[in-house]
Each structure stands twice: as structure tokens, then as C-alpha cells.
>>> print(open('data05.txt').read())   # compact mmCIF, C-alpha atoms
# COMPACT_ATOMS: atom_id res chain seq x y z
CA MET A 1 113.78 50.85 7.23
CA SER A 2 113.09 52.11 10.71
CA THR A 3 112.04 49.70 13.45
CA PRO A 4 111.59 51.51 16.77
CA ARG A 5 112.31 49.88 20.10
CA VAL A 6 111.18 50.14 23.71
CA PHE A 7 113.90 49.87 26.33
CA ILE A 8 112.68 48.71 29.74
CA VAL A 9 114.96 49.44 32.69
CA ARG A 10 114.35 48.14 36.19
CA HIS A 11 115.47 50.39 39.02
CA GLY A 12 118.73 49.58 40.76
CA GLU A 13 119.17 47.51 43.89
CA THR A 14 117.44 48.55 47.14
CA GLU A 15 117.61 46.93 50.56
CA TRP A 16 114.22 45.34 49.95
CA SER A 17 115.00 44.05 46.46
CA LEU A 18 118.21 42.59 47.87
CA ASN A 19 116.21 40.71 50.49
CA GLY A 20 113.35 39.66 48.23
CA LYS A 21 110.73 41.89 49.84
CA HIS A 22 107.85 43.05 47.65
CA THR A 23 108.20 46.80 47.19
CA GLY A 24 105.22 48.56 45.67
CA ARG A 25 104.05 51.75 47.36
CA THR A 26 106.98 51.99 49.77
CA ASP A 27 109.46 54.60 48.57
CA ILE A 28 112.99 53.56 49.50
CA PRO A 29 116.34 54.61 48.01
CA LEU A 30 118.90 52.66 46.05
CA THR A 31 121.75 51.06 47.95
CA GLU A 32 125.27 52.37 47.40
CA ASN A 33 126.01 49.27 45.32
CA GLY A 34 122.78 49.80 43.40
CA GLU A 35 123.87 53.29 42.42
CA LYS A 36 127.30 52.06 41.32
CA ARG A 37 125.81 49.35 39.13
CA VAL A 38 123.34 51.70 37.45
CA LYS A 39 126.17 54.11 36.66
CA ALA A 40 128.11 51.22 35.11
CA THR A 41 125.04 50.27 33.07
CA GLY A 42 124.79 53.82 31.76
CA ARG A 43 128.44 53.87 30.73
CA ALA A 44 128.08 50.50 28.97
CA LEU A 45 124.72 50.89 27.23
CA VAL A 46 124.09 54.62 26.66
CA GLY A 47 125.82 56.53 23.88
CA ASN A 48 125.84 57.34 20.20
CA ASP A 49 127.40 53.95 19.43
CA ARG A 50 125.62 51.97 22.16
CA LEU A 51 122.30 50.19 22.67
CA ILE A 52 120.42 53.27 23.86
CA VAL A 53 121.16 56.28 21.65
CA PRO A 54 119.84 59.36 23.48
CA ARG A 55 119.06 61.43 20.38
CA GLN A 56 116.92 58.58 19.00
CA LEU A 57 114.56 58.59 21.98
CA SER A 58 111.15 60.06 21.26
CA HIS A 59 109.72 59.77 24.77
CA ILE A 60 110.70 58.63 28.25
CA TYR A 61 108.36 57.25 30.91
CA VAL A 62 109.46 57.05 34.55
CA SER A 63 107.66 55.67 37.59
CA PRO A 64 106.62 58.07 40.38
CA ARG A 65 108.84 56.18 42.86
CA LYS A 66 112.15 57.79 43.71
CA ARG A 67 114.13 54.55 43.25
CA ALA A 68 113.14 54.58 39.57
CA GLN A 69 113.73 58.32 39.21
CA ARG A 70 117.18 58.03 40.77
CA THR A 71 117.98 55.18 38.41
CA PHE A 72 117.06 57.39 35.48
CA GLU A 73 119.27 60.20 36.80
CA LEU A 74 122.25 57.84 37.06
CA LEU A 75 121.87 56.56 33.48
CA ASN A 76 123.17 60.05 32.54
CA LEU A 77 121.40 60.47 29.21
CA GLY A 78 122.15 64.17 28.83
CA ILE A 79 118.54 65.36 28.86
CA LYS A 80 118.19 68.96 27.66
CA ASP A 81 115.19 70.00 29.75
CA PRO A 82 114.90 70.05 33.57
CA LEU A 83 113.61 66.86 35.13
CA PRO A 84 109.99 66.89 36.38
CA TRP A 85 111.13 66.12 39.95
CA HIS A 86 113.70 67.39 42.43
CA GLU A 87 116.83 65.31 41.95
CA HIS A 88 117.32 62.57 44.52
CA GLY A 89 121.09 62.77 44.84
CA ALA A 90 124.31 64.16 43.42
CA LYS A 91 124.65 64.36 39.67
CA PRO A 92 126.91 61.75 38.07
CA THR A 93 130.46 63.07 37.86
CA ASP A 94 130.94 61.65 34.37
CA LYS A 95 130.13 64.00 31.52
CA PRO A 96 127.04 62.77 29.64
CA VAL A 97 128.00 60.90 26.50
CA ALA A 98 125.62 63.17 24.59
CA ASP A 99 123.74 66.39 25.21
CA ASP A 100 121.26 66.16 22.36
CA CYS A 101 118.44 64.12 23.94
CA SER A 102 115.28 66.18 23.41
CA ALA A 103 112.83 63.46 24.53
CA ARG A 104 110.27 64.56 27.09
CA VAL A 105 110.50 62.83 30.47
CA GLU A 106 107.04 61.91 31.78
CA VAL A 107 106.27 60.62 35.26
CA THR A 108 103.29 58.29 35.04
CA GLU A 109 101.25 56.09 37.36
CA ALA A 110 100.81 53.73 34.42
CA ILE A 111 104.21 52.24 35.11
CA ARG A 112 104.31 52.31 38.92
CA GLU A 113 104.98 48.95 40.53
CA TRP A 114 102.24 46.36 41.10
CA ASP A 115 100.24 47.29 44.21
CA TYR A 116 101.03 44.39 46.53
CA GLY A 117 98.37 45.32 49.10
CA ASP A 118 98.68 43.04 52.15
CA TYR A 119 101.91 41.60 50.75
CA GLU A 120 103.84 44.87 50.79
CA GLY A 121 107.24 44.51 52.45
CA ILE A 122 107.25 40.72 52.81
CA THR A 123 108.89 37.90 50.87
CA SER A 124 107.25 35.19 48.76
CA PRO A 125 107.75 32.48 51.45
CA GLU A 126 106.18 34.83 54.02
CA ILE A 127 103.25 35.46 51.64
CA ARG A 128 102.67 31.71 51.32
CA ASP A 129 102.78 31.31 55.10
CA LEU A 130 100.26 34.15 55.47
CA ARG A 131 97.93 32.69 52.89
CA GLU A 132 98.09 29.26 54.49
CA GLY A 133 97.05 30.79 57.81
CA GLN A 134 94.13 32.47 56.04
CA GLY A 135 93.00 29.21 54.48
CA LEU A 136 93.96 30.32 50.96
CA GLY A 137 96.59 27.66 50.40
CA ARG A 138 100.32 27.97 49.73
CA ASP A 139 100.08 27.67 45.95
CA TRP A 140 100.34 31.40 45.29
CA ASP A 141 101.33 32.85 41.92
CA ILE A 142 101.15 36.62 41.54
CA TRP A 143 100.55 36.32 37.78
CA ARG A 144 97.43 34.24 38.45
CA ASP A 145 96.25 35.30 41.91
CA GLY A 146 97.34 38.91 42.28
CA CYS A 147 97.58 40.41 45.76
CA VAL A 148 94.97 40.53 48.52
CA GLY A 149 94.23 44.17 49.25
CA GLY A 150 96.14 45.22 46.15
CA GLU A 151 95.99 44.72 42.40
CA SER A 152 94.77 41.73 40.43
CA PRO A 153 96.43 40.59 37.18
CA GLU A 154 93.48 42.16 35.33
CA ASP A 155 94.13 45.52 37.01
CA VAL A 156 97.76 45.43 35.94
CA MET A 157 97.00 44.30 32.39
CA LYS A 158 94.55 47.17 31.95
CA ARG A 159 97.05 49.89 32.76
CA VAL A 160 99.97 48.43 30.83
CA ASP A 161 97.71 47.79 27.83
CA GLU A 162 96.72 51.46 27.82
CA LEU A 163 100.37 52.51 27.89
CA ILE A 164 101.31 50.11 25.09
CA ALA A 165 98.48 51.48 22.97
CA GLU A 166 99.72 55.03 23.59
CA ILE A 167 103.30 54.16 22.64
CA ARG A 168 102.23 52.52 19.41
CA SER A 169 99.77 55.20 18.37
CA LYS A 170 101.80 58.30 19.30
CA TYR A 171 105.46 57.38 18.92
CA GLN A 172 106.01 54.21 16.94
CA GLY A 173 103.12 53.63 14.55
CA PRO A 174 103.80 56.87 12.62
CA VAL A 175 107.48 56.04 12.02
CA ILE A 176 107.79 52.27 11.70
CA GLY A 177 108.77 51.08 8.24
CA LYS A 178 109.80 54.54 7.06
CA PRO A 179 113.22 54.97 5.41
CA LYS A 180 115.89 55.76 7.98
CA GLY A 181 116.29 59.49 8.33
CA ALA A 182 112.85 60.21 6.87
CA ALA A 183 111.16 60.26 10.29
CA PRO A 184 112.11 60.35 13.98
CA CYS A 185 113.46 57.03 15.23
CA GLY A 186 110.62 56.47 17.69
CA ASP A 187 112.58 54.71 20.43
CA VAL A 188 110.98 54.85 23.90
CA LEU A 189 112.60 54.38 27.31
CA ILE A 190 110.73 53.16 30.40
CA VAL A 191 112.33 53.16 33.87
CA ALA A 192 110.26 51.35 36.45
CA HIS A 193 110.05 48.11 38.46
CA GLY A 194 110.42 44.36 38.25
CA HIS A 195 106.88 42.99 38.19
CA ILE A 196 105.30 45.80 36.19
CA LEU A 197 107.99 45.67 33.50
CA ARG A 198 107.70 41.91 33.18
CA ALA A 199 103.93 42.34 32.86
CA PHE A 200 104.56 45.02 30.23
CA ALA A 201 106.78 42.62 28.25
CA MET A 202 104.17 39.87 28.36
CA ARG A 203 101.41 42.18 27.20
CA TRP A 204 103.70 43.65 24.51
CA VAL A 205 103.52 40.30 22.71
CA GLY A 206 99.86 39.69 23.56
CA LYS A 207 100.27 37.14 26.35
CA THR A 208 98.01 37.16 29.41
CA LEU A 209 99.83 37.26 32.73
CA PRO A 210 98.71 33.80 33.91
CA GLU A 211 99.88 32.12 30.69
CA GLY A 212 103.33 33.64 30.84
CA PRO A 213 106.04 33.05 29.82
CA THR A 214 107.83 33.94 33.06
CA PHE A 215 110.54 36.55 32.52
CA LEU A 216 113.30 37.68 34.86
CA LEU A 217 114.64 41.23 35.06
CA GLU A 218 117.41 41.87 37.54
CA ALA A 219 117.67 45.07 39.56
CA GLY A 220 119.27 47.60 37.21
CA GLY A 221 118.65 45.30 34.24
CA VAL A 222 117.74 46.43 30.72
CA GLY A 223 115.42 44.69 28.24
CA THR A 224 114.50 45.50 24.64
CA LEU A 225 111.15 45.18 22.88
CA SER A 226 110.55 45.82 19.21
CA TYR A 227 108.77 44.45 16.11
CA GLU A 228 109.36 41.87 13.42
CA HIS A 229 109.44 42.75 9.72
CA HIS A 230 109.09 46.50 10.38
CA ASN A 231 105.41 45.82 11.18
CA ILE A 232 103.52 47.45 14.06
CA ASN A 233 101.25 44.39 14.14
CA GLU A 234 104.15 42.01 14.83
CA PRO A 235 105.47 43.00 18.27
CA ALA A 236 108.45 40.99 19.45
CA ILE A 237 110.94 40.65 22.27
CA LEU A 238 114.53 41.23 21.20
CA LEU A 239 116.47 38.48 22.98
CA GLY A 240 119.86 39.76 21.89
CA GLY A 241 121.38 42.30 19.56
CA ALA A 242 124.74 42.65 17.87
CA PHE A 243 127.25 45.24 19.08
CA ILE A 244 127.65 48.37 17.00
CA ILE A 245 131.24 48.94 15.86
>>> encode(input="data05.txt", output="C-alpha cells")
Amino acid sequence: MSTPRVFIVRHGETEWSLNGKHTGRTDIPLTENGEKRVKATGRALVGNDRLIVPRQLSHIYVSPRKRAQRTFELLNLGIKDPLPWHEHGAKPTDKPVADDCSARVEVTEAIREWDYGDYEGITSPEIRDLREGQGLGRDWDIWRDGCVGGESPEDVMKRVDELIAEIRSKYQGPVIGKPKGAAPCGDVLIVAHGHILRAFAMRWVGKTLPEGPTFLLEAGGVGTLSYEHHNINEPAILLGGAFII
């Protein structure tokens, strides 16, 4: 029976992610190494016999930030339709592993990065120093405290919850548990950012952001979310999958 998945992909390395600076609204490009690593990820994980099978994707969500959009371009999925943005660099020289991906690519604010407000462009130690000077104390946790001048955990939960509900109602609820081949696969791809994707994963399994658990997602990293027992009411995080041979 069919059990659809959601693939979450964090954008590749930037100068700020390399240095630990919080990057929300600021639109900066991938580093040269970041581009190389995303290309390698695409070659390893995208294909008809790989983790992400382009023809099985029902929908694709991409952040409005160019670092996420460039990451999507470099994954080289072989999308049939034109992208909904002007490309941010040269096309990959490798031929796409497939040219039969008919999923619509949607740019959405729902998956933009956490708005860091006053903490934009600075590191966690610098944030703690700033808060201490403001009399707020050094014990800062974004999942609990949010960002002064930016978004709270409740703000972030609201927008990712709405996106999760849309994915389940439009793309995955109608196909889950159906015999394979009797309905579209229902896989969904999201290309976005570190904090928002970790928040998405926590909310996927019904956890509040303060209660965790704390996940890590490296720049250019890929995670997989799905369901247990072919049941839309049993969302799960897929910690590891077997290779297809």
C-alpha cells in the first residue's frame, strides 16, 4: 500500500551559515562549496532508483529566499514546467536523471525562515551577550523564547501547522493506504531553511517547539517524514531507510 513521504531539504552552505549567523530575511547566495555539495546531494539522492523519485512528487514547496531556490535548481530534478523565478545561476551541466517530474513548484511564505528580528545576522553567543545587556538573561532558547522584534514560537507553529494541514488534505490524505499504482504517490518536497524545517518536523509529529525534541539539519541536508501503518493519523519521522537495488 502507498505511504507518501515529505522530503525536507535545507539550503546549501552560505557565508552566514558557515559562521553561525542567523539568516532570516537577509538574502545571500550559496558559497561555491555549498553549490558543489548540493549538486552531489542531487546526484546521490535524486533518481528513479534513489530516495527522491521525481515522477512520484505531487507538489514542491520552495522558500522565497534565493539560497533555497538555488538549492532547488541544483538538485536537478528535471522539472517539466518553467520555474516561478528567474534562475539564480548556471544550470547544472549534468543531464537530469529524469525528465518526467510534473509536480508544480510553489514559492510560499509558509516555509520562509524564522524571522529573527533583532537577532538577524548575529550568532547565538552574540545574542546571549545582547540579551544580558538588556537585562533578559543569557538563558536564551529560540524554541522557547523566540526572537525580540521577530517571530515567537507560536507564530512559527501557526504557519507550519497550516502547511502541514494543506499537505495532508490535498496531497497525502487522498492517496495514503491505496494500492500502489491505484493513485498518485503523493510525495512532497520542501526546500527551505534550518530552523523552519526543524520546526516543521516537530509539528509533523505533534510536538510543541519548547518540548522538542531538538533536531539537527545540516546545510544541504535532507530529512524524510512519513506515516506509520499507512495511516494519515500516525505521522512519523523516518530515521533511516534501506537502499533500493
>>> closest_residue(input="data05.txt", among="A:Arg159, A:Lys80, A:Arg55, A:Arg168", to="A:Val105", atoms="only C-alpha atoms")
A:Lys80
>>> atom_distance(input="data05.txt", atom1="atom CA of A:Thr71", atom2="atom CA of A:Gly121")
20.6 Å
>>> residues_around(input="data05.txt", residues="A:Trp140", least_positions_apart="4", cutoff="12 Å", atoms="all atoms listed in the file", output="ChimeraX atom specification")
/A:119,124-132,135-136,144-148,210
>>> residues_around(input="data05.txt", residues="A:Gly240", least_positions_apart="6", cutoff="12 Å", atoms="only C-alpha atoms", output="ChimeraX atom specification")
/A:51,222-226
>>> residues_around(input="data05.txt", residues="stretch 41-48 of chain A", least_positions_apart="6", cutoff="9 Å", atoms="only C-alpha atoms", output="ChimeraX atom specification")
/A:54-55,74-77,94,96-98,220-222
>>> decode(input="data05.txt", residues="stretch 211-222 of chain A", atoms="C-alpha atoms", output="short mmCIF file (atom, residue, chain, number, x, y, z; two decimals), in the first residue's frame")
data_model
loop_
_atom_site.label_atom_id
_atom_site.label_comp_id
_atom_site.auth_asym_id
_atom_site.auth_seq_id
_atom_site.Cartn_x
_atom_site.Cartn_y
_atom_site.Cartn_z
CA GLU A 211 9.16 20.49 24.30
CA GLY A 212 11.34 19.37 21.42
CA PRO A 213 12.99 17.04 20.69
CA THR A 214 15.87 19.08 19.29
CA PHE A 215 16.73 18.09 15.73
CA LEU A 216 19.76 19.00 13.63
CA LEU A 217 19.69 19.55 9.87
CA GLU A 218 22.97 20.42 8.22
CA ALA A 219 23.24 22.90 5.36
CA GLY A 220 22.26 20.94 2.25
CA GLY A 221 20.88 18.13 4.40
CA VAL A 222 17.81 16.02 3.59
#
